[in-house]
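Please read the structure below before turning to the comments.
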Amino acid sequence: MIPRRVLFFDFDGTLINSMPQHAQIFGSLLADAYSLDPEAAGRDYLSLAGVPLEKQFRHALANGGIVEPDIDALLAEFWLRYAKLEPVLFPEVPRVLARLAASYPLIVTSQGRQTMVEAKLAHLGLAHHFTLILGVDPERPELGKGEPHFRIARESLGLSAQNIEASLMTGDGAFDMQVARAANMTAVGRLTGDNAEALFAAGAHHVISDLRGLIPLAQPK
């Protein structure tokens with residue numbers, strides 16, 4: 001019997017075209033607060049797509065030679081600006097999600113604030129496609145993308161280890177591929193520019209130009 005298959009999705013950069021805006025916010029914050037080069041900081045952000053935001057800030061600040069930064073202030077301002085962004089869907093997403101949701105449980109696993117991700121998906125009229133929408137919560141810092149989110153999925157849906165290994169994780173960042181590989185699931189990278197090499201280096205089994213490429217990959221062999 002073919003194990004039940006779940007499709008996990010990153011949110012920013014995978015379902016919505018938001019990464020350039022996020023990189024601009026990230027770079028401008030570090031330029032304003034610490035006089036770092038905003039373009040270099042933005043590139044740092046994109047190179048660590050999917051990694052917890054605090055780690056992204058610490059990485060960019062260390063590269064800039066900044067010690068003892070006020071990370072909490074940077075995080076607060078980033079999420080304030082994030083919440084104000086109008087989400088822009090990749091054009092194929094609504095039809096692909098509708099088709100896939102008819103056959104598989106869909107789960108969002110994001111490093112974005114959970115309440116904000118939920119609100120953006122509801123605003124876009126897509127929240128109903130997802131069995132679970134998982135993000136981060138400042139009150140529960142131990143939860144995040146990777147094993148913590150996969151554990152919630154297993155417990156909420158009654159999944160076995162075999163179910164998880166039969167599942168797919170789709171994202172645009174190297175970290176997405178790494179957490180998928182660590183869970184023994186199929187890692188599917190979404191192209192958002194010249195990130196193919198980074199995705200394959202991080203362990204992507206497949207790289208797709210847009211989510212339409214996920215439809216044949218999701219079908220049990």
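Starting from 1 in every chain, residues are counted up; chains themselves are A, B, ... following the order of the structure tokens, and ligands are numbered from 1 as listed.
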
message: Can you tell me which residues surround segment 74-79 of chain A at a distance of at most 9 Å, considering only C-alpha atoms, apart from same-chain residues fewer than 5 positions away, and format the answer as number ranges by chain?
response: A: 22, 25-26, 29-30, 33, 53-54, 57, 69, 84, 112-113, 116

field: Nearby residues (only C-alpha atoms) at most 9 Å from Asn195 of chain A, same-chain spacing under 5 positions excluded, as a list of chain:residue names
entry: A:Ser47, A:Asp172, A:Gly173, A:Ala174, A:Gly189, A:Arg190, A:Phe200

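Nearest to His149 of chain A of all the residues A:Asp10, A:Pro87, A:His123, A:Gly27 is A:Asp10, based on only C-alpha atoms.
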
- prompt: Residues at most 12 Å from Asp12 of chain A, counting only C-alpha atoms, excluding those fewer than 4 positions away in the same chain, as a PyMOL selection string?
  reply: chain A and resi 16-23+46+49-51+82+85+87-90+108-113+116-117+120-121+135+170-173+176+190+192

message: Please identify the alpha helix (DSSP H) residues within segment 91-159 of chain A (assignment by DSSP from backbone atoms) and present them as a ChimeraX atom specification.
response: /A:93-101,114-123,147-157

message: According to DSSP computed on the backbone, where in segment 73-198 of chain A is there strand (DSSP E)? Give the residues as a ChimeraX atom specification.
response: /A:106-113,132-136,168-171,186-190

message: At a cut-off of 9 Å, using only C-alpha atoms, what residues contact Asn163 of chain A? Leave out same-chain residues fewer than 5 positions from it and give the result as number ranges by chain.
response: A: 3-6, 154

I want to know what sits within 10 Å of Leu214 of chain A, based on only C-alpha atoms, with residues of the same chain fewer than 5 positions away left out; could you give that as a PDB file with N, CA and C atoms, in the first residue's frame?
```
ATOM      1  N   LEU A   7       2.147  17.163   1.327  1.00  0.00           N
ATOM      2  CA  LEU A   7       2.951  18.145   0.605  1.00  0.00           C
ATOM      3  C   LEU A   7       3.180  19.358   1.496  1.00  0.00           C
ATOM      4  N   VAL A  96      -2.667  25.489  -8.986  1.00  0.00           N
ATOM      5  CA  VAL A  96      -1.894  24.317  -8.568  1.00  0.00           C
ATOM      6  C   VAL A  96      -2.320  23.866  -7.176  1.00  0.00           C
ATOM      7  N   LEU A 100      -3.822  20.196  -6.185  1.00  0.00           N
ATOM      8  CA  LEU A 100      -3.118  19.313  -5.259  1.00  0.00           C
ATOM      9  C   LEU A 100      -3.925  19.050  -3.993  1.00  0.00           C
ATOM     10  N   LEU A 168       6.684  15.362   0.350  1.00  0.00           N
ATOM     11  CA  LEU A 168       7.533  16.282  -0.396  1.00  0.00           C
ATOM     12  C   LEU A 168       7.579  17.618   0.321  1.00  0.00           C
ATOM     13  N   THR A 170       8.631  21.552  -0.597  1.00  0.00           N
ATOM     14  CA  THR A 170       8.965  22.466  -1.687  1.00  0.00           C
ATOM     15  C   THR A 170       9.325  23.829  -1.121  1.00  0.00           C
ATOM     16  N   VAL A 188      12.187  19.422  -3.011  1.00  0.00           N
ATOM     17  CA  VAL A 188      11.880  20.038  -4.298  1.00  0.00           C
ATOM     18  C   VAL A 188      12.196  21.527  -4.204  1.00  0.00           C
ATOM     19  N   GLY A 189      13.136  21.980  -5.020  1.00  0.00           N
ATOM     20  CA  GLY A 189      13.520  23.381  -4.999  1.00  0.00           C
ATOM     21  C   GLY A 189      12.775  24.196  -6.045  1.00  0.00           C
ATOM     22  N   ARG A 190      12.317  25.356  -5.655  1.00  0.00           N
ATOM     23  CA  ARG A 190      11.660  26.263  -6.595  1.00  0.00           C
ATOM     24  C   ARG A 190      12.663  27.326  -7.043  1.00  0.00           C
ATOM     25  N   HIS A 206      14.890  17.486  -6.851  1.00  0.00           N
ATOM     26  CA  HIS A 206      14.333  18.057  -8.072  1.00  0.00           C
ATOM     27  C   HIS A 206      14.336  19.576  -7.939  1.00  0.00           C
ATOM     28  N   VAL A 207      14.452  20.253  -9.065  1.00  0.00           N
ATOM     29  CA  VAL A 207      14.302  21.711  -9.110  1.00  0.00           C
ATOM     30  C   VAL A 207      13.270  22.033 -10.181  1.00  0.00           C
ATOM     31  N   ILE A 208      12.291  22.870  -9.825  1.00  0.00           N
ATOM     32  CA  ILE A 208      11.209  23.217 -10.736  1.00  0.00           C
ATOM     33  C   ILE A 208      11.187  24.721 -10.972  1.00  0.00           C
ATOM     34  N   SER A 209      10.763  25.121 -12.160  1.00  0.00           N
ATOM     35  CA  SER A 209      10.724  26.547 -12.487  1.00  0.00           C
ATOM     36  C   SER A 209       9.521  27.241 -11.863  1.00  0.00           C
ATOM     37  N   GLN A 219       2.711  12.768  -7.731  1.00  0.00           N
ATOM     38  CA  GLN A 219       1.981  11.539  -8.022  1.00  0.00           C
ATOM     39  C   GLN A 219       2.794  10.326  -7.591  1.00  0.00           C
TER      40      GLN A 219
END
```

- line: Correct to one decimal, the distance atom CA of Tyr45 of chain A-atom CA of Asp194 of chain A is 14.8 Å

Env of Leu61 of chain A: 9 Å cut, atoms = only C-alpha atoms, seq-sep filter 5 positions within chain, self excluded. Answer as a PDB file with C-alpha atoms, in the first residue's frame.
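Writing the result to part25.pdb gives the following:
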```pdb
ATOM      1  CA  LEU A  30      21.123  47.229   8.731  1.00  0.00           C
ATOM      2  CA  TYR A  34      24.731  50.029  11.603  1.00  0.00           C
ATOM      3  CA  LEU A  36      26.227  48.419   6.548  1.00  0.00           C
ATOM      4  CA  ALA A  41      23.229  42.745   3.500  1.00  0.00           C
ATOM      5  CA  GLN A  56      20.277  35.856   9.284  1.00  0.00           C
ATOM      6  CA  ILE A  66      29.331  44.512  14.265  1.00  0.00           C
ATOM      7  CA  VAL A  67      29.481  43.193  17.835  1.00  0.00           C
ATOM      8  CA  PRO A  69      23.933  44.416  18.102  1.00  0.00           C
TER       9      PRO A  69
END
```
